[in-house]
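Step one of this worksheet: look at the structure below.
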Amino acid sequence: MTQSLWGARAAALRARVVPWLDRLPGFGVMSLRVVIALAAVAAVVTYVVLGIVHLRYPFEIEWMEGGMLDEVRRALEGQKLYVKPTVEFVPFIYSPFYFYVAAAFSKVLGLSFFSARLVSFLASLGVIAFVARFVHRETGGKLAAFLAAGVFAGTYHLSAGFYDIARVDSLFVLLLLGALYLVRFRRSLASHVAAAALFTLALHTKQSASVIFLPVAAHVLLSNWRRGLVFSAAGAVMMVGSVLLLDWIHDGWFWYFVFWLPRQHPWVSRMWTDFWRYDLMTPLSVSCLFALYYWAVGRVAFALPAARAAEGSVPQDGGSAFAPPFDESRRFYLFAAVGMLGASWAGRLHSGGWPNVIMPGFAILSILFGLGLQAGIEAAARLAAPRRLRVEAFLLAVAAVQFACLAYDPDRYVPKPKDAEAGNHLLDRMRKYEGDIFLPAHGHLVTLVGKRPYAHEMAIGDILGIGGGPAGVDLRASIAKAIADRRFGAIITDTDFFKKEIQQSYRREGRVFEDKKVFWPVTGFRARPEAVNIPKKP
């Protein structure tokens with residue numbers, strides 16, 4: 001009697017517990033989905049918060065931002081952006097479109113770091129949205145699309161924090177993704193002409209757009225020769241024609257700064273391999289693996305042989321069942337990746353190429369991360385329940401590893417209150433000097449105290465670092481003469497910029513900051529105003 005009672009209780013307990021045990025794999029998958037979705041949310045929210053913090057900071061986040069604002073000011077004033085380099089102004093080696101977009105924002109909001117950064121911040125949010133849209137439009141997978149967006153947001157620190165600063169890169173990537181979206185998802189000739197126009201605008205934001213245009217044009221030609229011819233011809237006419245027009249308008253200086261000068265800079269030989277080993281594979285190995293899976297295997301990888309045979313996935317000629325046809329979508333993303341990664345690689349090979357040049361590569365790898373993850377989830381869905389859950393859990397766990405590899409401390413990108421105080425101290429000190437102030441490493445700042453800006457040290461270095469031809473000789477003479485003539489009421493330097501010439505005509509008055517920890521840019525080249533030099537008495 002007692003034994004049968006305990007047996008009945010045990011059976012009742014099993015009846016309650018076993019269904020829950022059967023559900024545990026499902027709970028595990030659901031838990032992983034929640035955890036990884038939260039990781040993506042954290043990546044996006046962290047970036048957005050940093051962007052808002054940077055918008056409010058009144059000084060440079062990166063040392064070239066001030067020089068970029070000087071270019072925007074010229075655009076606002078209707079002056080030419082590309083002229084003979086002198087001590088008054090030296091153009092940067094960038095195409096002009098960002099400067100005109102930032103000028104349009106500044107026309108409404110006022111010329112400031114806020115307006116120039118807002119262009120990049122909004123563009124970066126557009127890039128995040130495009131990454132998600134590509135994956136969702138291609139696969140219908142909402143989770144994969146959101147995670148792909150999170151991966152791109154998580155690469156913020158890999159770009160050295162350039163997504164939201166007053167630089168050209170985010171606008172450049174946004175234009176590229178807009179062009180690629182039209183090529184991938186639109187079939188009309190007008191859409192392909194529009195895509196060619198976006199590529200042209202991208203070229204006039206950053207020159208490496210031409211590297212990306214070529215493989216994309218090859219893909220369109222392979223897909224449909226008529227659309228390919230229209231796209232290629234429209235792109236070639238608009239790009240070449242606009243370059244010739246801008247060079248004519250600027251009396252040859254457009255070509256000198258945008259194309260000739262960058263080609264003279266030396267190559268960084270270690271980047272032939274370090275780009276792949278350290279810039280991509282170390283932090284983004286999971287995304288690279290998902291990309292390879294998407295291209296090489298696809299949705300049939302985990303399917304049971306019987307299911308594959310029933311669906312016709314098993315080749316009748318004895319070929320591999322693990323190699324789906326290389327359809328148009330896979331070819332498109334392969335050619336797009338060749339262009340985006342190729343442009344990123346070329347940028348890193350170029351002397352002075354900071355990690356921000358890899359942003360096109362981050363964008364395409366984030367898209368491929370989502371495509372590969374969704375392809376794996378769809379393949380797993382064809383399996384029997386226990387195996388399906390195990391495979392999906394494995395894929396999500398691998399995706400979680402990607403987010404773990406992208407973790408970073410956002411505090412390092414946050415300017416501190418003492419930095420703003422130090423900036424105000426610098427402005428107060430500059431107000432005390434009569435006449436112009438030469439602050440070569442920090443454009444725009446002198447305008448905040450009512451003085452005119454002069455050439456930026458980085459733009460000067462781009463020319464003098466390689467000689468620069470006759471223009472470089474004249475530029476060096478122009479700067480040396482201005483220093484020798486004691487043209488400036490003060491020269492405030494960060495580095496040994498024209499040190500010998502400055503020592504001959506100026507004497508050092510002292511340091512700008514006593515605190516060694518303040519007013520450093522949170523990203524980019526580490527430089528801050530250090531020495532104040534005032535004219536010697538004749």
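Note on naming: chains are A, B, ... as they come in the structure tokens, residues start from 1 per chain, ligands start from 1 in the order shown.
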Would you mind listing what lies within 10 Å of stretch 217-222 of chain A as a PDB file with N, CA and C atoms, in the first residue's frame, with only C-alpha atoms counted and same-chain residues fewer than 6 positions away left out?
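Listing of out.pdb after writing:
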ATOM      1  N   VAL A 183      21.455  49.900 -55.450  1.00  0.00           N
ATOM      2  CA  VAL A 183      21.957  48.874 -56.364  1.00  0.00           C
ATOM      3  C   VAL A 183      21.378  47.506 -56.022  1.00  0.00           C
ATOM      4  N   ARG A 184      21.283  47.206 -54.754  1.00  0.00           N
ATOM      5  CA  ARG A 184      20.840  45.868 -54.342  1.00  0.00           C
ATOM      6  C   ARG A 184      19.328  45.682 -54.474  1.00  0.00           C
ATOM      7  N   HIS A 192      19.479  53.230 -60.598  1.00  0.00           N
ATOM      8  CA  HIS A 192      20.921  53.016 -60.754  1.00  0.00           C
ATOM      9  C   HIS A 192      21.643  54.314 -61.096  1.00  0.00           C
ATOM     10  N   ALA A 196      24.570  55.941 -58.829  1.00  0.00           N
ATOM     11  CA  ALA A 196      25.813  56.509 -59.363  1.00  0.00           C
ATOM     12  C   ALA A 196      26.019  57.926 -58.836  1.00  0.00           C
ATOM     13  N   GLY A 228      23.917  47.600 -65.870  1.00  0.00           N
ATOM     14  CA  GLY A 228      25.343  47.763 -65.615  1.00  0.00           C
ATOM     15  C   GLY A 228      25.968  48.852 -66.458  1.00  0.00           C
ATOM     16  N   LEU A 229      25.607  48.904 -67.729  1.00  0.00           N
ATOM     17  CA  LEU A 229      26.143  49.941 -68.598  1.00  0.00           C
ATOM     18  C   LEU A 229      25.669  51.326 -68.160  1.00  0.00           C
ATOM     19  N   VAL A 230      24.373  51.426 -67.825  1.00  0.00           N
ATOM     20  CA  VAL A 230      23.839  52.716 -67.379  1.00  0.00           C
ATOM     21  C   VAL A 230      24.532  53.158 -66.083  1.00  0.00           C
ATOM     22  N   PHE A 231      24.635  52.248 -65.133  1.00  0.00           N
ATOM     23  CA  PHE A 231      25.252  52.567 -63.849  1.00  0.00           C
ATOM     24  C   PHE A 231      26.721  52.963 -64.039  1.00  0.00           C
ATOM     25  N   SER A 232      27.459  52.171 -64.804  1.00  0.00           N
ATOM     26  CA  SER A 232      28.889  52.440 -64.995  1.00  0.00           C
ATOM     27  C   SER A 232      29.110  53.736 -65.757  1.00  0.00           C
ATOM     28  N   ALA A 233      28.328  53.932 -66.832  1.00  0.00           N
ATOM     29  CA  ALA A 233      28.501  55.147 -67.628  1.00  0.00           C
ATOM     30  C   ALA A 233      28.108  56.384 -66.834  1.00  0.00           C
ATOM     31  N   GLY A 235      28.072  56.763 -63.580  1.00  0.00           N
ATOM     32  CA  GLY A 235      29.076  57.008 -62.552  1.00  0.00           C
ATOM     33  C   GLY A 235      30.347  57.599 -63.116  1.00  0.00           C
ATOM     34  N   GLU A 328      22.707  35.943 -56.863  1.00  0.00           N
ATOM     35  CA  GLU A 328      22.995  37.363 -57.037  1.00  0.00           C
ATOM     36  C   GLU A 328      23.239  38.073 -55.723  1.00  0.00           C
ATOM     37  N   ARG A 331      26.698  37.267 -54.462  1.00  0.00           N
ATOM     38  CA  ARG A 331      27.704  37.931 -55.293  1.00  0.00           C
ATOM     39  C   ARG A 331      27.737  39.432 -54.989  1.00  0.00           C
ATOM     40  N   PHE A 332      26.565  40.031 -54.791  1.00  0.00           N
ATOM     41  CA  PHE A 332      26.526  41.453 -54.472  1.00  0.00           C
ATOM     42  C   PHE A 332      27.325  41.749 -53.211  1.00  0.00           C
ATOM     43  N   TYR A 333      27.083  40.996 -52.142  1.00  0.00           N
ATOM     44  CA  TYR A 333      27.774  41.268 -50.888  1.00  0.00           C
ATOM     45  C   TYR A 333      29.255  40.921 -50.975  1.00  0.00           C
ATOM     46  N   LEU A 334      29.610  39.963 -51.821  1.00  0.00           N
ATOM     47  CA  LEU A 334      31.027  39.672 -52.030  1.00  0.00           C
ATOM     48  C   LEU A 334      31.719  40.847 -52.713  1.00  0.00           C
ATOM     49  N   PHE A 335      31.104  41.355 -53.780  1.00  0.00           N
ATOM     50  CA  PHE A 335      31.722  42.464 -54.497  1.00  0.00           C
ATOM     51  C   PHE A 335      31.713  43.730 -53.640  1.00  0.00           C
ATOM     52  N   ALA A 336      30.635  43.958 -52.897  1.00  0.00           N
ATOM     53  CA  ALA A 336      30.585  45.116 -52.001  1.00  0.00           C
ATOM     54  C   ALA A 336      31.672  45.019 -50.935  1.00  0.00           C
TER      55      ALA A 336
END
task: as a PyMOL selection string, please: all residues of stretch 423-505 of chain A that backbone DSSP puts in strand (DSSP E).
output: chain A and resi 437-438+490-493
N, CA and C atoms of the current selection, written as a JSON list (two decimals), in the first residue's frame:
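And here is the file that came out, out35.json:
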[["chain", "number", "residue", "atom", "x", "y", "z"],
["A", 437, "ILE", "N", 46.95, 85.75, -33.55],
["A", 437, "ILE", "CA", 47.59, 84.64, -32.84],
["A", 437, "ILE", "C", 47.70, 83.47, -33.79],
["A", 438, "PHE", "N", 48.88, 82.89, -33.86],
["A", 438, "PHE", "CA", 49.10, 81.71, -34.69],
["A", 438, "PHE", "C", 49.03, 80.50, -33.76],
["A", 490, "ALA", "N", 51.29, 86.49, -30.83],
["A", 490, "ALA", "CA", 51.70, 85.31, -30.06],
["A", 490, "ALA", "C", 51.62, 84.09, -30.97],
["A", 491, "ILE", "N", 52.52, 83.16, -30.74],
["A", 491, "ILE", "CA", 52.47, 81.85, -31.41],
["A", 491, "ILE", "C", 52.37, 80.81, -30.31],
["A", 492, "ILE", "N", 51.32, 80.01, -30.36],
["A", 492, "ILE", "CA", 51.09, 78.99, -29.34],
["A", 492, "ILE", "C", 51.24, 77.63, -30.01],
["A", 493, "THR", "N", 52.22, 76.87, -29.59],
["A", 493, "THR", "CA", 52.55, 75.62, -30.27],
["A", 493, "THR", "C", 52.31, 74.40, -29.39]]
task: Pick out each residue of stretch 136-239 of chain A that DSSP on the backbone tags as alpha helix (DSSP H); I need them as a PyMOL selection string.
output: chain A and resi 136-139+142-154+169-185+189-203+209-223+225-239
query: Could you pull the residues within 9 Å of A:Arg73, counting only C-alpha atoms, minus those fewer than 4 positions along the same chain, as a list in words?
result: Met68, Leu69, Glu77, Gly78, Gln79, Phe99, Ala103, Ser106 and Leu111 of chain A
Nearest candidate to A:Leu122 (options A:Ala102, A:Ala209, A:Ala236, A:Ala42; using only C-alpha atoms):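 Closest candidate: A:Ala102.
Each of A:Asp251, A:Glu378, A:Asp279, A:Asp494 was compared to A:Ala144 using only C-alpha atoms, and A:Glu378 turns out to be the nearest.
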- request: Find the distance between atom CA of A:Val449 and atom CA of A:Gly423 and write it in Å to one decimal.
  value: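 Pair atom CA of A:Val449 / atom CA of A:Gly423 returns 12.0 Å.
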Among the residues A:Val286, A:Ala531, A:Met359, A:Leu383, the one that comes closest to A:Ala397 [using only C-alpha atoms]: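 Of all the options, A:Val286 lies closest to A:Ala397.
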Which polymer residues have any atom within 10 Å of an atom of A:Ser112, counting only C-alpha atoms, with same-chain residues fewer than 2 positions away left out, as a PDB file with N, CA, C and O atoms, in the first residue's frame?
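Just written: part_24.pdb:
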ATOM      1  N   LEU A  55      28.373  66.353 -28.598  1.00  0.00           N
ATOM      2  CA  LEU A  55      27.707  67.506 -29.200  1.00  0.00           C
ATOM      3  C   LEU A  55      27.746  68.707 -28.269  1.00  0.00           C
ATOM      4  O   LEU A  55      27.832  69.858 -28.723  1.00  0.00           O
ATOM      5  N   PRO A  58      32.322  72.121 -26.002  1.00  0.00           N
ATOM      6  CA  PRO A  58      32.597  73.293 -26.840  1.00  0.00           C
ATOM      7  C   PRO A  58      33.988  73.363 -27.444  1.00  0.00           C
ATOM      8  O   PRO A  58      34.306  74.332 -28.148  1.00  0.00           O
ATOM      9  N   PHE A  59      34.832  72.371 -27.182  1.00  0.00           N
ATOM     10  CA  PHE A  59      36.188  72.395 -27.713  1.00  0.00           C
ATOM     11  C   PHE A  59      36.447  71.133 -28.534  1.00  0.00           C
ATOM     12  O   PHE A  59      35.547  70.339 -28.762  1.00  0.00           O
ATOM     13  N   GLY A  66      39.080  71.587 -35.376  1.00  0.00           N
ATOM     14  CA  GLY A  66      39.105  73.025 -35.559  1.00  0.00           C
ATOM     15  C   GLY A  66      39.467  73.411 -36.986  1.00  0.00           C
ATOM     16  O   GLY A  66      38.892  74.338 -37.571  1.00  0.00           O
ATOM     17  N   LEU A  69      36.524  73.057 -39.176  1.00  0.00           N
ATOM     18  CA  LEU A  69      35.612  74.191 -39.067  1.00  0.00           C
ATOM     19  C   LEU A  69      36.119  75.396 -39.854  1.00  0.00           C
ATOM     20  O   LEU A  69      35.313  76.182 -40.385  1.00  0.00           O
ATOM     21  N   VAL A  72      34.860  74.820 -43.223  1.00  0.00           N
ATOM     22  CA  VAL A  72      33.420  75.090 -43.269  1.00  0.00           C
ATOM     23  C   VAL A  72      33.174  76.591 -43.325  1.00  0.00           C
ATOM     24  O   VAL A  72      32.281  77.074 -44.046  1.00  0.00           O
ATOM     25  N   ARG A  73      33.971  77.355 -42.579  1.00  0.00           N
ATOM     26  CA  ARG A  73      33.818  78.816 -42.586  1.00  0.00           C
ATOM     27  C   ARG A  73      34.048  79.365 -43.989  1.00  0.00           C
ATOM     28  O   ARG A  73      33.304  80.249 -44.458  1.00  0.00           O
ATOM     29  N   ALA A 102      28.143  70.602 -43.859  1.00  0.00           N
ATOM     30  CA  ALA A 102      28.316  71.229 -42.549  1.00  0.00           C
ATOM     31  C   ALA A 102      28.042  72.728 -42.619  1.00  0.00           C
ATOM     32  O   ALA A 102      27.516  73.320 -41.667  1.00  0.00           O
ATOM     33  N   PHE A 105      24.313  73.206 -42.361  1.00  0.00           N
ATOM     34  CA  PHE A 105      23.895  73.092 -40.960  1.00  0.00           C
ATOM     35  C   PHE A 105      24.290  74.353 -40.182  1.00  0.00           C
ATOM     36  O   PHE A 105      23.521  74.865 -39.357  1.00  0.00           O
ATOM     37  N   SER A 106      25.496  74.851 -40.459  1.00  0.00           N
ATOM     38  CA  SER A 106      25.990  76.024 -39.731  1.00  0.00           C
ATOM     39  C   SER A 106      25.216  77.274 -40.098  1.00  0.00           C
ATOM     40  O   SER A 106      25.107  78.204 -39.294  1.00  0.00           O
ATOM     41  N   LEU A 109      22.305  76.732 -37.648  1.00  0.00           N
ATOM     42  CA  LEU A 109      22.613  76.552 -36.231  1.00  0.00           C
ATOM     43  C   LEU A 109      23.778  77.402 -35.746  1.00  0.00           C
ATOM     44  O   LEU A 109      24.031  77.466 -34.536  1.00  0.00           O
ATOM     45  N   GLY A 110      24.478  78.029 -36.669  1.00  0.00           N
ATOM     46  CA  GLY A 110      25.666  78.778 -36.299  1.00  0.00           C
ATOM     47  C   GLY A 110      26.909  77.917 -36.465  1.00  0.00           C
ATOM     48  O   GLY A 110      26.861  76.695 -36.280  1.00  0.00           O
ATOM     49  N   PHE A 114      29.310  72.021 -32.510  1.00  0.00           N
ATOM     50  CA  PHE A 114      28.011  71.368 -32.433  1.00  0.00           C
ATOM     51  C   PHE A 114      27.445  71.105 -33.822  1.00  0.00           C
ATOM     52  O   PHE A 114      27.043  69.980 -34.153  1.00  0.00           O
ATOM     53  N   SER A 115      27.392  72.121 -34.654  1.00  0.00           N
ATOM     54  CA  SER A 115      26.781  71.956 -35.970  1.00  0.00           C
ATOM     55  C   SER A 115      27.585  71.010 -36.851  1.00  0.00           C
ATOM     56  O   SER A 115      27.006  70.199 -37.584  1.00  0.00           O
ATOM     57  N   ALA A 116      28.911  71.098 -36.789  1.00  0.00           N
ATOM     58  CA  ALA A 116      29.744  70.216 -37.612  1.00  0.00           C
ATOM     59  C   ALA A 116      29.660  68.773 -37.131  1.00  0.00           C
ATOM     60  O   ALA A 116      29.637  67.835 -37.942  1.00  0.00           O
ATOM     61  N   ARG A 117      29.625  68.588 -35.812  1.00  0.00           N
ATOM     62  CA  ARG A 117      29.500  67.218 -35.290  1.00  0.00           C
ATOM     63  C   ARG A 117      28.115  66.651 -35.533  1.00  0.00           C
ATOM     64  O   ARG A 117      27.963  65.425 -35.696  1.00  0.00           O
ATOM     65  N   LEU A 118      27.108  67.507 -35.539  1.00  0.00           N
ATOM     66  CA  LEU A 118      25.746  67.022 -35.752  1.00  0.00           C
ATOM     67  C   LEU A 118      25.619  66.338 -37.103  1.00  0.00           C
ATOM     68  O   LEU A 118      24.895  65.347 -37.232  1.00  0.00           O
ATOM     69  N   ALA A 166      33.678  66.005 -35.939  1.00  0.00           N
ATOM     70  CA  ALA A 166      33.610  66.864 -37.126  1.00  0.00           C
ATOM     71  C   ALA A 166      34.630  66.419 -38.159  1.00  0.00           C
ATOM     72  O   ALA A 166      35.611  67.115 -38.459  1.00  0.00           O
ATOM     73  N   HIS A 444      40.137  77.292 -35.641  1.00  0.00           N
ATOM     74  CA  HIS A 444      38.855  77.762 -35.150  1.00  0.00           C
ATOM     75  C   HIS A 444      38.925  78.387 -33.761  1.00  0.00           C
ATOM     76  O   HIS A 444      38.202  79.360 -33.489  1.00  0.00           O
ATOM     77  N   LEU A 448      37.132  82.248 -31.637  1.00  0.00           N
ATOM     78  CA  LEU A 448      36.271  82.395 -30.470  1.00  0.00           C
ATOM     79  C   LEU A 448      36.641  83.615 -29.639  1.00  0.00           C
ATOM     80  O   LEU A 448      35.878  84.019 -28.757  1.00  0.00           O
TER      81      LEU A 448
END
Spatial neighbours of A:Tyr454, 10 Å, only C-alpha atoms, chain gap at least 6 places, as a short mmCIF file (atom, residue, chain, number, x, y, z; two decimals) with all heavy atoms, in the first residue's frame:
data_model
loop_
_atom_site.label_atom_id
_atom_site.label_comp_id
_atom_site.auth_asym_id
_atom_site.auth_seq_id
_atom_site.Cartn_x
_atom_site.Cartn_y
_atom_site.Cartn_z
N GLY A 67 40.43 72.70 -37.55
CA GLY A 67 40.80 72.95 -38.93
C GLY A 67 39.66 72.64 -39.89
O GLY A 67 39.48 73.34 -40.90
N ASP A 70 37.44 75.56 -39.95
CA ASP A 70 37.97 76.64 -40.78
C ASP A 70 37.59 76.44 -42.24
O ASP A 70 37.31 77.41 -42.96
CB ASP A 70 39.49 76.72 -40.62
CG ASP A 70 39.91 77.19 -39.24
OD1 ASP A 70 39.07 77.80 -38.54
OD2 ASP A 70 41.07 76.93 -38.85
N THR A 86 49.36 78.89 -48.30
CA THR A 86 50.16 79.95 -47.68
C THR A 86 49.98 79.85 -46.18
O THR A 86 49.19 79.04 -45.69
CB THR A 86 49.73 81.34 -48.17
OG1 THR A 86 48.38 81.59 -47.71
CG2 THR A 86 49.79 81.46 -49.69
N VAL A 87 50.64 80.71 -45.45
CA VAL A 87 50.49 80.72 -44.00
C VAL A 87 49.05 81.06 -43.61
O VAL A 87 48.57 80.65 -42.54
CB VAL A 87 51.48 81.71 -43.35
CG1 VAL A 87 51.14 83.15 -43.73
CG2 VAL A 87 51.51 81.55 -41.83
N GLU A 88 48.34 81.79 -44.47
CA GLU A 88 46.95 82.14 -44.16
C GLU A 88 46.03 80.93 -44.18
O GLU A 88 45.16 80.79 -43.32
CB GLU A 88 46.43 83.19 -45.16
CG GLU A 88 46.90 84.60 -44.89
CD GLU A 88 48.31 84.83 -45.41
OE1 GLU A 88 48.77 84.02 -46.24
OE2 GLU A 88 48.95 85.82 -45.00
N PHE A 89 46.21 80.05 -45.15
CA PHE A 89 45.31 78.90 -45.27
C PHE A 89 45.95 77.82 -46.13
O PHE A 89 46.50 78.11 -47.19
CB PHE A 89 43.97 79.32 -45.88
CG PHE A 89 43.02 78.18 -46.13
CD1 PHE A 89 42.41 77.52 -45.07
CD2 PHE A 89 42.74 77.76 -47.42
CE1 PHE A 89 41.55 76.46 -45.29
CE2 PHE A 89 41.87 76.71 -47.66
CZ PHE A 89 41.28 76.06 -46.58
N VAL A 90 45.83 76.58 -45.64
CA VAL A 90 46.24 75.41 -46.42
C VAL A 90 45.08 74.42 -46.42
O VAL A 90 44.63 74.00 -45.35
CB VAL A 90 47.49 74.73 -45.83
CG1 VAL A 90 47.86 73.49 -46.64
CG2 VAL A 90 48.66 75.70 -45.80
N ASP A 436 47.15 89.29 -34.21
CA ASP A 436 46.77 87.92 -34.53
C ASP A 436 47.54 86.92 -33.69
O ASP A 436 48.64 87.21 -33.19
CB ASP A 436 47.02 87.63 -36.02
CG ASP A 436 46.07 88.41 -36.92
OD1 ASP A 436 44.99 88.82 -36.42
OD2 ASP A 436 46.40 88.60 -38.10
N ILE A 437 46.95 85.75 -33.55
CA ILE A 437 47.59 84.64 -32.84
C ILE A 437 47.70 83.47 -33.79
O ILE A 437 46.72 83.09 -34.46
CB ILE A 437 46.78 84.24 -31.60
CG1 ILE A 437 46.75 85.39 -30.59
CG2 ILE A 437 47.36 82.98 -30.95
CD1 ILE A 437 45.88 85.11 -29.38
N PHE A 438 48.88 82.89 -33.86
CA PHE A 438 49.10 81.71 -34.69
C PHE A 438 49.03 80.50 -33.76
O PHE A 438 49.88 80.30 -32.92
CB PHE A 438 50.45 81.79 -35.38
CG PHE A 438 50.65 80.76 -36.47
CD1 PHE A 438 49.59 80.04 -37.01
CD2 PHE A 438 51.93 80.52 -36.97
CE1 PHE A 438 49.78 79.11 -38.02
CE2 PHE A 438 52.14 79.59 -37.98
CZ PHE A 438 51.06 78.88 -38.50
N LEU A 439 47.96 79.70 -33.92
CA LEU A 439 47.74 78.49 -33.13
C LEU A 439 47.67 77.32 -34.12
O LEU A 439 46.59 76.83 -34.46
CB LEU A 439 46.44 78.62 -32.33
CG LEU A 439 46.07 77.54 -31.31
CD1 LEU A 439 47.12 77.45 -30.21
CD2 LEU A 439 44.71 77.82 -30.71
N PRO A 440 48.82 76.88 -34.65
CA PRO A 440 48.82 76.02 -35.84
C PRO A 440 48.15 74.66 -35.68
O PRO A 440 47.64 74.12 -36.66
CB PRO A 440 50.32 75.85 -36.14
CG PRO A 440 51.03 76.18 -34.86
CD PRO A 440 50.18 77.21 -34.19
N ALA A 441 48.11 74.12 -34.47
CA ALA A 441 47.53 72.79 -34.30
C ALA A 441 46.05 72.82 -33.92
O ALA A 441 45.44 71.76 -33.75
CB ALA A 441 48.31 72.00 -33.24
N HIS A 442 45.47 74.01 -33.81
CA HIS A 442 44.07 74.09 -33.35
C HIS A 442 43.36 75.21 -34.10
O HIS A 442 43.30 76.35 -33.63
CB HIS A 442 44.01 74.33 -31.84
CG HIS A 442 44.73 73.27 -31.07
ND1 HIS A 442 44.15 72.08 -30.71
CD2 HIS A 442 46.01 73.22 -30.61
CE1 HIS A 442 45.03 71.33 -30.07
NE2 HIS A 442 46.16 72.01 -29.98
N GLY A 443 42.80 74.87 -35.23
CA GLY A 443 42.03 75.84 -35.97
C GLY A 443 40.77 76.23 -35.22
O GLY A 443 40.38 75.57 -34.25
N HIS A 444 40.14 77.29 -35.64
CA HIS A 444 38.86 77.76 -35.15
C HIS A 444 38.93 78.39 -33.76
O HIS A 444 38.20 79.36 -33.49
CB HIS A 444 37.81 76.64 -35.14
CG HIS A 444 36.46 77.08 -34.67
ND1 HIS A 444 35.67 77.96 -35.39
CD2 HIS A 444 35.74 76.78 -33.54
CE1 HIS A 444 34.54 78.17 -34.73
NE2 HIS A 444 34.56 77.47 -33.62
N VAL A 446 40.93 80.37 -32.26
CA VAL A 446 41.25 81.80 -32.19
C VAL A 446 40.05 82.65 -32.61
O VAL A 446 39.92 83.80 -32.17
CB VAL A 446 42.48 82.14 -33.06
CG1 VAL A 446 43.73 81.45 -32.51
CG2 VAL A 446 42.24 81.77 -34.52
#
What lies within 7 Å of stretch 504-510 of chain A using only C-alpha atoms, ignoring chain neighbours under 6 positions off, as a PDB file with N, CA, C and O atoms, in the first residue's frame?
ATOM      1  N   ILE A 483      56.873  84.468 -39.563  1.00  0.00           N
ATOM      2  CA  ILE A 483      57.484  84.349 -38.238  1.00  0.00           C
ATOM      3  C   ILE A 483      58.615  85.370 -38.090  1.00  0.00           C
ATOM      4  O   ILE A 483      58.724  86.073 -37.071  1.00  0.00           O
ATOM      5  N   ALA A 484      59.463  85.472 -39.114  1.00  0.00           N
ATOM      6  CA  ALA A 484      60.597  86.397 -39.048  1.00  0.00           C
ATOM      7  C   ALA A 484      60.131  87.844 -38.964  1.00  0.00           C
ATOM      8  O   ALA A 484      60.779  88.685 -38.309  1.00  0.00           O
ATOM      9  N   ARG A 486      57.665  88.847 -37.373  1.00  0.00           N
ATOM     10  CA  ARG A 486      56.914  88.996 -36.112  1.00  0.00           C
ATOM     11  C   ARG A 486      55.475  89.446 -36.393  1.00  0.00           C
ATOM     12  O   ARG A 486      54.951  90.375 -35.767  1.00  0.00           O
ATOM     13  N   ALA A 531      53.211  75.685 -25.448  1.00  0.00           N
ATOM     14  CA  ALA A 531      54.125  76.806 -25.225  1.00  0.00           C
ATOM     15  C   ALA A 531      53.587  78.086 -25.847  1.00  0.00           C
ATOM     16  O   ALA A 531      53.125  78.084 -26.993  1.00  0.00           O
ATOM     17  N   VAL A 532      53.663  79.183 -25.086  1.00  0.00           N
ATOM     18  CA  VAL A 532      53.293  80.503 -25.590  1.00  0.00           C
ATOM     19  C   VAL A 532      54.576  81.257 -25.932  1.00  0.00           C
ATOM     20  O   VAL A 532      55.469  81.405 -25.086  1.00  0.00           O
ATOM     21  N   ASN A 533      54.651  81.737 -27.164  1.00  0.00           N
ATOM     22  CA  ASN A 533      55.820  82.483 -27.626  1.00  0.00           C
ATOM     23  C   ASN A 533      55.374  83.878 -28.058  1.00  0.00           C
ATOM     24  O   ASN A 533      54.413  84.033 -28.820  1.00  0.00           O
ATOM     25  N   ILE A 534      56.059  84.905 -27.544  1.00  0.00           N
ATOM     26  CA  ILE A 534      55.715  86.284 -27.891  1.00  0.00           C
ATOM     27  C   ILE A 534      56.908  86.919 -28.595  1.00  0.00           C
ATOM     28  O   ILE A 534      58.058  86.501 -28.422  1.00  0.00           O
ATOM     29  N   PRO A 535      56.662  87.936 -29.428  1.00  0.00           N
ATOM     30  CA  PRO A 535      57.754  88.523 -30.233  1.00  0.00           C
ATOM     31  C   PRO A 535      58.873  89.113 -29.373  1.00  0.00           C
ATOM     32  O   PRO A 535      58.633  89.732 -28.337  1.00  0.00           O
ATOM     33  N   LYS A 536      60.105  88.885 -29.846  1.00  0.00           N
ATOM     34  CA  LYS A 536      61.241  89.568 -29.224  1.00  0.00           C
ATOM     35  C   LYS A 536      61.247  91.028 -29.653  1.00  0.00           C
ATOM     36  O   LYS A 536      60.766  91.385 -30.731  1.00  0.00           O
TER      37      LYS A 536
END
